[in-house]
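To start, the structure under review is shown below, and the notes come after it.
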Amino acid sequence: MIYDFKNLDDKDNFKTKNLDIIYDYILIGSGPASYVLSDNLNKKNKRILIIEKGSLNVSNKIKKKEKISLISSDNYNIKKNSRISALGGTGNVWAGVSSYIEDFEMFSRWGKFKKLWPISHQEIINNYKKLDAKYGFKNLDLLKNSKKTDRDNKVIRSRIFFAPSRPFKFNDSKHYKNCDLLINAKVNYLNEYKKVPYIELEDNITKIFSKKIIVCCGGLETNFLMLKSINNKRLKNAKNKHILGKYFMDHPKFQLGLAKIHPENLNFFRKIILKKKNNGFCYKGISLSKKIQTEKKLLNSYARFEKYLLIELIKKIKKNMFDFSNYVRILKLLYLEYFNKINYDEKYKITIYNEMIPRINNKITYKKIKNKDKFFISYKFSKIEFETIHYLINTLIKKLGLKLQKNFKRSKKFIEKSLQDSSHHMGGTIMGKSKKNSFVNQNLQIHGVKNIYICSTSVFPTSGSLNPTMTLCALAVRLANYLNKNN
């Protein structure tokens, strides 16, 4: 049953039917994690409620999103469309790009080699395999090719990324036919009464109780909800509150610009650029080898190459229809491609996606200012992130014959100004075995709170270097299995 909390009749109907019951599960948020989790939960004789802050559809108004205040001018701005309030969450704008987290990305590599994830890499792999094509992931293809693409030549390695031609959209309301779906309903606080958890809605009147609550509302929104609840004297039994909001991570990216390729390496680059494959697209990212990363204590950041071809020329033609030189260039490129001839003027657009270290000073904080909730995000690159960027750029130039444009500068200041948000928000409620250094345990349960769980990228102890959606969905499958067994 779908209830619209903005509709007075729906609101009254929901309260009349459901406020006197205790749900078996309440899932906050309706993005990819919530979708996969609800799909894998045992629903037999269970009452499940999904709560979505937005409506059924993404509107232009929602896409604009609210601005997030930042604590200092040194930070990199969060994209406005990073936070989608609608059925399906960020799955509405997700391009479908996926890859697998690597085993060594679950460890600390910048100091003492120590595992930071409380679950094994094999567990995640096993759950990847359960995320079949139903959700738009090509996990088996990626896993089969992982060893083949790890062409470690002591300096660089390539890694496969895949995207379906039609990304799976996690916004099918029919999926929730065996659940109650409450839309346009913002959860204000989480709390518990005699170890029975409940949520308080924004109207400050409605309270809904459940045997178990799972927070699935995105990397940023999860932190906001938890910080707001605890700072307003809810969830008093939660342990390790001081760690909440800390170890925030992203994959800030920046453009190296257009670069020419040395003729000897053209065939190599043609193998790694975006290509159509079966019912999707794939490309290979170029990283430093594991050996170099280990020896130099660097990160697994990678470069993505996109061929500068027809699309950019067509854009130029649209700006100036009478510049016939661009038409000539298009005909030349089509001829070279058709006859598979080498184009010695071939250019590539290069984007570097950066892995981040989990640092305690990179954080989200909360304050109440003039009776309004304010959230602040503060994060910046460490010395190791910059060293990784410089080493990777130098390697691309020396080993692959790249010729960068003159306007690109390798200075720290230039790179900082060039960094952009990639909407991969992680950390803040990190998981771990010990209550001393984590907010949730290996089963994603909040330390000290018996029946509230978090299934969000906010639980990631490390960021890895890839889009986190597939790994998050693997955690959702794992959590569903755990809840099914322990219910």
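Identifiers in this document derive from the order of the structure tokens: chains are assigned A, B, ..., residues are numbered from 1 separately in each chain, and ligands are numbered from 1 in order of occurrence.
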
Surrounding residues of Gly136 (chain A) excluding itself and chain neighbours under 3 positions, 12 Å, only C-alpha atoms, as a PyMOL selection string: chain A and resi 32+36+91+94-99+128+130-133+139-140+162-170+279-281+469-470+473

Selection from above, N, CA, C and O atoms, as a tab-separated table (two decimals), in the first residue's frame, can you write it?
```tsv
chain	number	residue	atom	x	y	z
A	32	PRO	N	19.18	2.17	-3.87
A	32	PRO	CA	19.64	0.82	-4.22
A	32	PRO	C	19.76	-0.13	-3.04
A	32	PRO	O	19.34	-1.29	-3.13
A	36	VAL	N	17.45	-3.57	-2.75
A	36	VAL	CA	18.05	-4.92	-2.72
A	36	VAL	C	17.76	-5.60	-1.39
A	36	VAL	O	17.43	-6.79	-1.34
A	91	GLY	N	19.75	6.17	-7.22
A	91	GLY	CA	19.62	5.23	-8.34
A	91	GLY	C	18.95	5.87	-9.54
A	91	GLY	O	19.05	5.36	-10.67
A	94	TRP	N	22.14	7.45	-11.22
A	94	TRP	CA	23.31	6.57	-11.30
A	94	TRP	C	23.52	6.11	-12.74
A	94	TRP	O	22.58	5.67	-13.40
A	95	ALA	N	24.73	6.22	-13.23
A	95	ALA	CA	25.03	5.85	-14.62
A	95	ALA	C	25.18	4.34	-14.79
A	95	ALA	O	25.33	3.86	-15.92
A	96	GLY	N	25.17	3.60	-13.69
A	96	GLY	CA	25.26	2.14	-13.79
A	96	GLY	C	26.67	1.60	-13.78
A	96	GLY	O	26.87	0.39	-13.90
A	97	VAL	N	27.68	2.46	-13.63
A	97	VAL	CA	29.07	2.00	-13.65
A	97	VAL	C	29.36	1.19	-12.39
A	97	VAL	O	29.06	1.62	-11.28
A	98	SER	N	29.93	0.00	-12.57
A	98	SER	CA	30.24	-0.83	-11.40
A	98	SER	C	31.55	-1.57	-11.59
A	98	SER	O	32.01	-1.80	-12.71
A	99	SER	N	32.15	-1.89	-10.48
A	99	SER	CA	33.34	-2.74	-10.45
A	99	SER	C	33.44	-3.29	-9.04
A	99	SER	O	32.62	-2.97	-8.18
A	128	TYR	N	28.54	-10.45	-4.24
A	128	TYR	CA	28.53	-9.90	-5.60
A	128	TYR	C	27.84	-10.87	-6.55
A	128	TYR	O	27.06	-10.48	-7.42
A	130	LYS	N	25.58	-12.90	-6.06
A	130	LYS	CA	24.12	-12.96	-5.91
A	130	LYS	C	23.43	-11.75	-6.54
A	130	LYS	O	22.21	-11.73	-6.68
A	131	LEU	N	24.22	-10.73	-6.85
A	131	LEU	CA	23.67	-9.53	-7.50
A	131	LEU	C	23.70	-9.75	-9.01
A	131	LEU	O	24.51	-9.19	-9.72
A	132	ASP	N	22.81	-10.60	-9.48
A	132	ASP	CA	22.84	-10.96	-10.90
A	132	ASP	C	22.36	-9.81	-11.76
A	132	ASP	O	22.16	-8.68	-11.29
A	133	ALA	N	22.17	-10.07	-13.04
A	133	ALA	CA	21.79	-9.03	-14.01
A	133	ALA	C	20.46	-8.37	-13.66
A	133	ALA	O	20.11	-7.33	-14.22
A	139	ASN	N	28.46	-8.89	-12.46
A	139	ASN	CA	29.49	-9.29	-11.50
A	139	ASN	C	30.36	-10.43	-11.97
A	139	ASN	O	31.58	-10.40	-11.83
A	140	LEU	N	29.75	-11.45	-12.53
A	140	LEU	CA	30.53	-12.62	-12.94
A	140	LEU	C	31.51	-12.26	-14.03
A	140	LEU	O	32.64	-12.73	-14.05
A	162	PHE	N	32.28	-1.68	-15.79
A	162	PHE	CA	31.17	-2.03	-16.69
A	162	PHE	C	29.96	-1.17	-16.38
A	162	PHE	O	29.70	-0.79	-15.25
A	163	ALA	N	29.20	-0.86	-17.44
A	163	ALA	CA	27.92	-0.14	-17.27
A	163	ALA	C	26.93	-0.68	-18.29
A	163	ALA	O	27.26	-0.80	-19.48
A	164	PRO	N	25.72	-1.05	-17.86
A	164	PRO	CA	24.70	-1.50	-18.82
A	164	PRO	C	24.24	-0.33	-19.69
A	164	PRO	O	24.29	0.82	-19.26
A	165	SER	N	23.81	-0.64	-20.91
A	165	SER	CA	23.35	0.43	-21.80
A	165	SER	C	22.11	1.12	-21.23
A	165	SER	O	21.89	2.31	-21.47
A	166	ARG	N	21.31	0.38	-20.47
A	166	ARG	CA	20.17	0.96	-19.76
A	166	ARG	C	20.32	0.67	-18.27
A	166	ARG	O	19.92	-0.40	-17.81
A	167	PRO	N	20.91	1.60	-17.53
A	167	PRO	CA	21.12	1.35	-16.10
A	167	PRO	C	19.84	1.00	-15.37
A	167	PRO	O	18.78	1.56	-15.66
A	168	PHE	N	19.95	0.05	-14.44
A	168	PHE	CA	18.81	-0.36	-13.64
A	168	PHE	C	18.36	0.82	-12.77
A	168	PHE	O	19.17	1.46	-12.12
A	169	LYS	N	17.07	1.11	-12.77
A	169	LYS	CA	16.54	2.19	-11.95
A	169	LYS	C	15.77	1.59	-10.76
A	169	LYS	O	14.85	0.81	-10.96
A	170	PHE	N	16.20	1.96	-9.61
A	170	PHE	CA	15.62	1.40	-8.39
A	170	PHE	C	14.38	2.18	-7.96
A	170	PHE	O	14.26	2.60	-6.82
A	279	ASN	N	25.27	-6.04	-23.96
A	279	ASN	CA	24.19	-5.08	-23.71
A	279	ASN	C	24.66	-3.93	-22.83
A	279	ASN	O	23.87	-3.38	-22.06
A	280	GLY	N	25.92	-3.58	-22.96
A	280	GLY	CA	26.43	-2.52	-22.12
A	280	GLY	C	27.70	-1.92	-22.66
A	280	GLY	O	28.04	-2.06	-23.84
A	281	PHE	N	28.43	-1.27	-21.77
A	281	PHE	CA	29.68	-0.62	-22.11
A	281	PHE	C	30.73	-1.00	-21.08
A	281	PHE	O	30.40	-1.26	-19.91
A	469	THR	N	28.38	1.59	-5.34
A	469	THR	CA	27.01	1.07	-5.36
A	469	THR	C	26.96	-0.45	-5.32
A	469	THR	O	26.17	-1.04	-4.57
A	470	MET	N	27.79	-1.12	-6.12
A	470	MET	CA	27.74	-2.58	-6.16
A	470	MET	C	28.16	-3.18	-4.82
A	470	MET	O	27.55	-4.14	-4.34
A	473	CYS	N	25.34	-2.78	-2.36
A	473	CYS	CA	24.27	-3.75	-2.60
A	473	CYS	C	24.68	-5.15	-2.13
A	473	CYS	O	23.84	-5.92	-1.67
```

Do you have, as a tab-separated table, the list of residues of region 112-186 of chain A lying at most 12 Å from region 392-400 of chain A, each with its nearest atom pair and that distance in Å to one decimal, counting only C-alpha atoms and ordered by chain then number?
```
residue	atom	partner	partner_atom	distance
A:Asn153	CA	A:Lys399	CA	10.8
A:Lys154	CA	A:Lys399	CA	11.2
A:Val155	CA	A:Thr395	CA	7.7
A:Ile156	CA	A:Thr395	CA	8.0
A:Arg157	CA	A:Leu392	CA	11.3
```

Which of region 219-286 of chain A fall in strand (DSSP E or B), as a VMD selection string: chain A and resid 246 to 249 253 to 260 275 to 277 280 to 286

Do a neighbour search on region 228-241 of chain A at 9 Å with only C-alpha atoms, toss out local chain neighbours closer than 5 positions, and write the hits as a short mmCIF file (atom, residue, chain, number, x, y, z; two decimals) with C-alpha atoms, in the first residue's frame.
```cif
data_model
loop_
_atom_site.label_atom_id
_atom_site.label_comp_id
_atom_site.auth_asym_id
_atom_site.auth_seq_id
_atom_site.Cartn_x
_atom_site.Cartn_y
_atom_site.Cartn_z
CA ASN A 188 13.33 13.57 12.01
CA TYR A 189 14.81 11.30 14.69
CA LEU A 190 15.61 7.70 15.57
CA ASN A 191 15.02 6.55 19.11
CA GLU A 192 14.19 3.52 21.24
CA ASN A 223 25.13 10.83 8.84
CA TYR A 366 26.04 19.18 13.19
CA LYS A 367 24.92 22.39 14.87
CA ASP A 373 19.60 22.15 11.72
CA LYS A 435 33.26 -0.49 19.88
CA LYS A 436 36.37 1.62 20.39
CA ASN A 437 36.94 2.47 16.74
CA SER A 438 33.65 1.95 14.91
CA PHE A 439 29.99 2.98 15.07
CA ILE A 446 24.78 0.21 15.93
CA HIS A 447 27.02 -0.59 18.92
CA GLY A 448 24.89 -0.47 22.07
CA VAL A 449 21.55 -0.32 20.24
#
```

Shell around Leu256 (chain A) at 7 Å using only C-alpha atoms, local window under 2 positions removed, as a list in words: Phe254, Leu258, Ile350, Thr351 and Phe408 of chain A

Nearest to Ser120 (chain A), chosen from A:Ile352, A:Ile454, A:Ile78, A:Met106, with only C-alpha atoms counted in the distances: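 Among A:Ile352, A:Ile454, A:Ile78, A:Met106, it is A:Met106 that comes nearest to Ser120 (chain A).
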
Residue nearest Ala33 (chain A) - candidates A:Ser158, A:Gly88, A:Gln293, A:Lys46, atoms counted: only C-alpha atoms: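 Answer, going by the shortest atom-to-atom distance: A:Gly88.
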
Computed interatomic separation between CA of Phe209 (chain A) and CA of Lys372 (chain A) (Å): 26.2 Å

Length of the CA of Gln420 (chain A) to CA of Phe381 (chain A) vector [Å]: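 It comes out at 12.4 Å.
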
Minimum-distance residue to Ser458 (chain A), chosen among A:Phe414, A:Phe248, A:Phe376, A:Phe269 (using only C-alpha atoms): A:Phe248

Pick from A:Ser423, A:Asn40, A:Thr206, A:Asn354 nearest to Thr90 (chain A), counting only C-alpha atoms: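 When distances to Thr90 (chain A) are compared using only C-alpha atoms, the smallest one comes from A:Ser423.
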
Pick from A:Ser456, A:Asn267, A:Thr294, A:Asn126 nearest to Ile214 (chain A), counting only C-alpha atoms: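 Among the listed residues, the smallest separation from Ile214 (chain A) belongs to A:Ser456.
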
Top pick for closest residue to Gly54 (chain A), considering A:Met249, A:Ile389, A:Ile384, A:Ala185 and counting only C-alpha atoms: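 That would be A:Ala185, the residue with the smallest distance to Gly54 (chain A).
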
Expected answer as number ranges by chain: alpha helix (DSSP H) residues in region 352-474 of chain A: A: 383-400, 412-418, 469-474

Residues near Ala480 (chain A), cut-off 9 Å, only C-alpha atoms, skip fewer than 4 positions along chain, as a PyMOL selection string: chain A and resi 36-42+475-476+484-485

Take the residues just selected and output them with all heavy atoms as a JSON list (two decimals), in the first residue's frame.
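Contents of selection08.json, as written:
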```
[["chain", "number", "residue", "atom", "x", "y", "z"],
["A", 36, "VAL", "N", 17.45, -3.57, -2.75],
["A", 36, "VAL", "CA", 18.05, -4.92, -2.72],
["A", 36, "VAL", "C", 17.76, -5.60, -1.39],
["A", 36, "VAL", "O", 17.43, -6.79, -1.34],
["A", 36, "VAL", "CB", 19.57, -4.84, -2.98],
["A", 36, "VAL", "CG1", 20.23, -6.21, -2.77],
["A", 36, "VAL", "CG2", 19.84, -4.34, -4.40],
["A", 37, "LEU", "N", 17.85, -4.84, -0.30],
["A", 37, "LEU", "CA", 17.59, -5.41, 1.04],
["A", 37, "LEU", "C", 16.15, -5.93, 1.12],
["A", 37, "LEU", "O", 15.92, -7.08, 1.54],
["A", 37, "LEU", "CB", 17.84, -4.35, 2.10],
["A", 37, "LEU", "CG", 17.68, -4.75, 3.56],
["A", 37, "LEU", "CD1", 18.65, -5.86, 3.93],
["A", 37, "LEU", "CD2", 17.87, -3.55, 4.47],
["A", 38, "SER", "N", 15.18, -5.11, 0.73],
["A", 38, "SER", "CA", 13.77, -5.52, 0.82],
["A", 38, "SER", "C", 13.49, -6.69, -0.11],
["A", 38, "SER", "O", 12.64, -7.53, 0.17],
["A", 38, "SER", "CB", 12.85, -4.36, 0.49],
["A", 38, "SER", "OG", 13.02, -3.92, -0.84],
["A", 39, "ASP", "N", 14.22, -6.76, -1.21],
["A", 39, "ASP", "CA", 14.03, -7.84, -2.18],
["A", 39, "ASP", "C", 14.52, -9.18, -1.63],
["A", 39, "ASP", "O", 14.03, -10.24, -2.02],
["A", 39, "ASP", "CB", 14.80, -7.50, -3.47],
["A", 39, "ASP", "CG", 14.24, -8.23, -4.68],
["A", 39, "ASP", "OD1", 13.05, -8.55, -4.69],
["A", 39, "ASP", "OD2", 15.01, -8.46, -5.63],
["A", 40, "ASN", "N", 15.50, -9.12, -0.73],
["A", 40, "ASN", "CA", 16.11, -10.35, -0.20],
["A", 40, "ASN", "C", 15.64, -10.73, 1.21],
["A", 40, "ASN", "O", 16.00, -11.79, 1.71],
["A", 40, "ASN", "CB", 17.63, -10.23, -0.23],
["A", 40, "ASN", "CG", 18.21, -10.33, -1.63],
["A", 40, "ASN", "OD1", 18.46, -11.42, -2.13],
["A", 40, "ASN", "ND2", 18.38, -9.19, -2.28],
["A", 41, "LEU", "N", 14.85, -9.87, 1.83],
["A", 41, "LEU", "CA", 14.31, -10.20, 3.15],
["A", 41, "LEU", "C", 13.20, -11.24, 3.02],
["A", 41, "LEU", "O", 12.44, -11.24, 2.04],
["A", 41, "LEU", "CB", 13.73, -8.95, 3.82],
["A", 41, "LEU", "CG", 14.71, -7.99, 4.49],
["A", 41, "LEU", "CD1", 13.98, -6.74, 4.95],
["A", 41, "LEU", "CD2", 15.43, -8.65, 5.67],
["A", 42, "ASN", "N", 13.11, -12.11, 4.00],
["A", 42, "ASN", "CA", 12.00, -13.06, 4.06],
["A", 42, "ASN", "C", 10.75, -12.31, 4.49],
["A", 42, "ASN", "O", 10.64, -11.84, 5.62],
["A", 42, "ASN", "CB", 12.34, -14.17, 5.06],
["A", 42, "ASN", "CG", 11.23, -15.20, 5.17],
["A", 42, "ASN", "OD1", 10.23, -15.14, 4.45],
["A", 42, "ASN", "ND2", 11.40, -16.15, 6.07],
["A", 475, "LEU", "N", 26.55, -5.63, 0.50],
["A", 475, "LEU", "CA", 26.34, -5.55, 1.95],
["A", 475, "LEU", "C", 24.85, -5.70, 2.28],
["A", 475, "LEU", "O", 24.50, -6.27, 3.32],
["A", 475, "LEU", "CB", 26.86, -4.22, 2.49],
["A", 475, "LEU", "CG", 28.38, -4.01, 2.51],
["A", 475, "LEU", "CD1", 28.72, -2.63, 3.07],
["A", 475, "LEU", "CD2", 29.08, -5.09, 3.32],
["A", 476, "ALA", "N", 23.98, -5.19, 1.41],
["A", 476, "ALA", "CA", 22.53, -5.32, 1.62],
["A", 476, "ALA", "C", 22.10, -6.77, 1.56],
["A", 476, "ALA", "O", 21.28, -7.23, 2.37],
["A", 476, "ALA", "CB", 21.78, -4.48, 0.59],
["A", 484, "ASN", "N", 17.43, -12.66, 8.12],
["A", 484, "ASN", "CA", 16.58, -13.84, 7.88],
["A", 484, "ASN", "C", 16.93, -14.98, 8.82],
["A", 484, "ASN", "O", 16.05, -15.72, 9.28],
["A", 484, "ASN", "CB", 16.70, -14.30, 6.43],
["A", 484, "ASN", "CG", 16.06, -13.33, 5.45],
["A", 484, "ASN", "OD1", 15.20, -12.53, 5.81],
["A", 484, "ASN", "ND2", 16.49, -13.38, 4.20],
["A", 485, "LYS", "N", 18.21, -15.13, 9.13],
["A", 485, "LYS", "CA", 18.65, -16.23, 10.00],
["A", 485, "LYS", "C", 18.43, -15.92, 11.48],
["A", 485, "LYS", "O", 18.29, -16.83, 12.29],
["A", 485, "LYS", "CB", 20.16, -16.49, 9.78],
["A", 485, "LYS", "CG", 20.47, -17.13, 8.44],
["A", 485, "LYS", "CD", 21.97, -17.28, 8.28],
["A", 485, "LYS", "CE", 22.33, -17.83, 6.89],
["A", 485, "LYS", "NZ", 23.81, -17.89, 6.72]]
```

Two-atom distance - CA of Lys276 (chain A), CA of Val93 (chain A) (Å):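 For CA of Lys276 (chain A) relative to CA of Val93 (chain A), the distance reads 20.5 Å.
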
Using only C-alpha atoms, determine which residues lie at most 12 Å from Phe268 (chain A), disregarding the query and same-chain residues fewer than 2 positions distant; provide the list as an mmCIF file with N, CA, C and O atoms, in the first residue's frame.
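Everything below was put into result17.cif:
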```
data_model
loop_
_atom_site.group_PDB
_atom_site.id
_atom_site.type_symbol
_atom_site.label_atom_id
_atom_site.label_comp_id
_atom_site.auth_asym_id
_atom_site.auth_seq_id
_atom_site.Cartn_x
_atom_site.Cartn_y
_atom_site.Cartn_z
ATOM 1 N N SER A 158 45.730 -2.498 -15.399
ATOM 2 C CA SER A 158 44.420 -2.063 -15.887
ATOM 3 C C SER A 158 43.317 -2.807 -15.145
ATOM 4 O O SER A 158 43.503 -3.934 -14.690
ATOM 5 N N ILE A 261 48.562 11.035 -27.604
ATOM 6 C CA ILE A 261 49.159 9.734 -27.302
ATOM 7 C C ILE A 261 50.322 9.482 -28.250
ATOM 8 O O ILE A 261 50.244 9.781 -29.444
ATOM 9 N N HIS A 262 51.396 8.921 -27.706
ATOM 10 C CA HIS A 262 52.519 8.544 -28.559
ATOM 11 C C HIS A 262 52.054 7.457 -29.527
ATOM 12 O O HIS A 262 51.373 6.500 -29.114
ATOM 13 N N PRO A 263 52.391 7.570 -30.835
ATOM 14 C CA PRO A 263 51.911 6.598 -31.835
ATOM 15 C C PRO A 263 52.143 5.134 -31.468
ATOM 16 O O PRO A 263 51.329 4.274 -31.769
ATOM 17 N N GLU A 264 53.266 4.851 -30.756
ATOM 18 C CA GLU A 264 53.566 3.464 -30.387
ATOM 19 C C GLU A 264 52.539 2.880 -29.417
ATOM 20 O O GLU A 264 52.388 1.663 -29.317
ATOM 21 N N ASN A 265 51.833 3.748 -28.684
ATOM 22 C CA ASN A 265 50.897 3.285 -27.658
ATOM 23 C C ASN A 265 49.430 3.404 -28.066
ATOM 24 O O ASN A 265 48.544 3.134 -27.259
ATOM 25 N N LEU A 266 49.161 3.805 -29.312
ATOM 26 C CA LEU A 266 47.775 4.001 -29.737
ATOM 27 C C LEU A 266 46.948 2.727 -29.628
ATOM 28 O O LEU A 266 45.805 2.746 -29.183
ATOM 29 N N ARG A 270 43.484 2.137 -27.442
ATOM 30 C CA ARG A 270 42.237 1.767 -28.099
ATOM 31 C C ARG A 270 41.585 0.561 -27.421
ATOM 32 O O ARG A 270 40.393 0.322 -27.572
ATOM 33 N N LYS A 271 42.377 -0.202 -26.687
ATOM 34 C CA LYS A 271 41.835 -1.364 -25.971
ATOM 35 C C LYS A 271 41.189 -0.974 -24.646
ATOM 36 O O LYS A 271 40.368 -1.725 -24.111
ATOM 37 N N ILE A 272 41.568 0.162 -24.092
ATOM 38 C CA ILE A 272 41.099 0.495 -22.749
ATOM 39 C C ILE A 272 39.992 1.547 -22.726
ATOM 40 O O ILE A 272 39.383 1.769 -21.688
ATOM 41 N N ILE A 273 39.719 2.209 -23.852
ATOM 42 C CA ILE A 273 38.689 3.239 -23.849
ATOM 43 C C ILE A 273 37.293 2.624 -23.820
ATOM 44 O O ILE A 273 37.123 1.414 -24.004
ATOM 45 N N LYS A 284 38.561 0.326 -19.244
ATOM 46 C CA LYS A 284 39.576 -0.067 -18.274
ATOM 47 C C LYS A 284 40.230 1.169 -17.677
ATOM 48 O O LYS A 284 40.611 2.085 -18.402
ATOM 49 N N ILE A 286 43.376 2.831 -15.532
ATOM 50 C CA ILE A 286 44.811 2.579 -15.375
ATOM 51 C C ILE A 286 45.274 3.059 -14.008
ATOM 52 O O ILE A 286 45.136 4.237 -13.667
ATOM 53 N N PHE A 305 40.247 7.030 -19.626
ATOM 54 C CA PHE A 305 40.520 7.655 -20.911
ATOM 55 C C PHE A 305 39.278 7.617 -21.802
ATOM 56 O O PHE A 305 38.670 6.558 -21.985
ATOM 57 N N ILE A 342 45.632 4.239 -38.137
ATOM 58 C CA ILE A 342 46.102 4.996 -36.976
ATOM 59 C C ILE A 342 45.984 6.490 -37.249
ATOM 60 O O ILE A 342 46.374 6.983 -38.298
ATOM 61 N N LYS A 399 55.739 6.267 -19.131
ATOM 62 C CA LYS A 399 55.559 4.907 -19.630
ATOM 63 C C LYS A 399 54.595 4.803 -20.814
ATOM 64 O O LYS A 399 54.690 3.875 -21.610
ATOM 65 N N LEU A 400 53.651 5.749 -20.905
ATOM 66 C CA LEU A 400 52.651 5.647 -21.962
ATOM 67 C C LEU A 400 52.739 6.775 -22.981
ATOM 68 O O LEU A 400 51.902 6.877 -23.882
ATOM 69 N N GLY A 401 53.737 7.620 -22.832
ATOM 70 C CA GLY A 401 53.983 8.637 -23.847
ATOM 71 C C GLY A 401 52.918 9.709 -23.948
ATOM 72 O O GLY A 401 52.696 10.258 -25.034
#
```
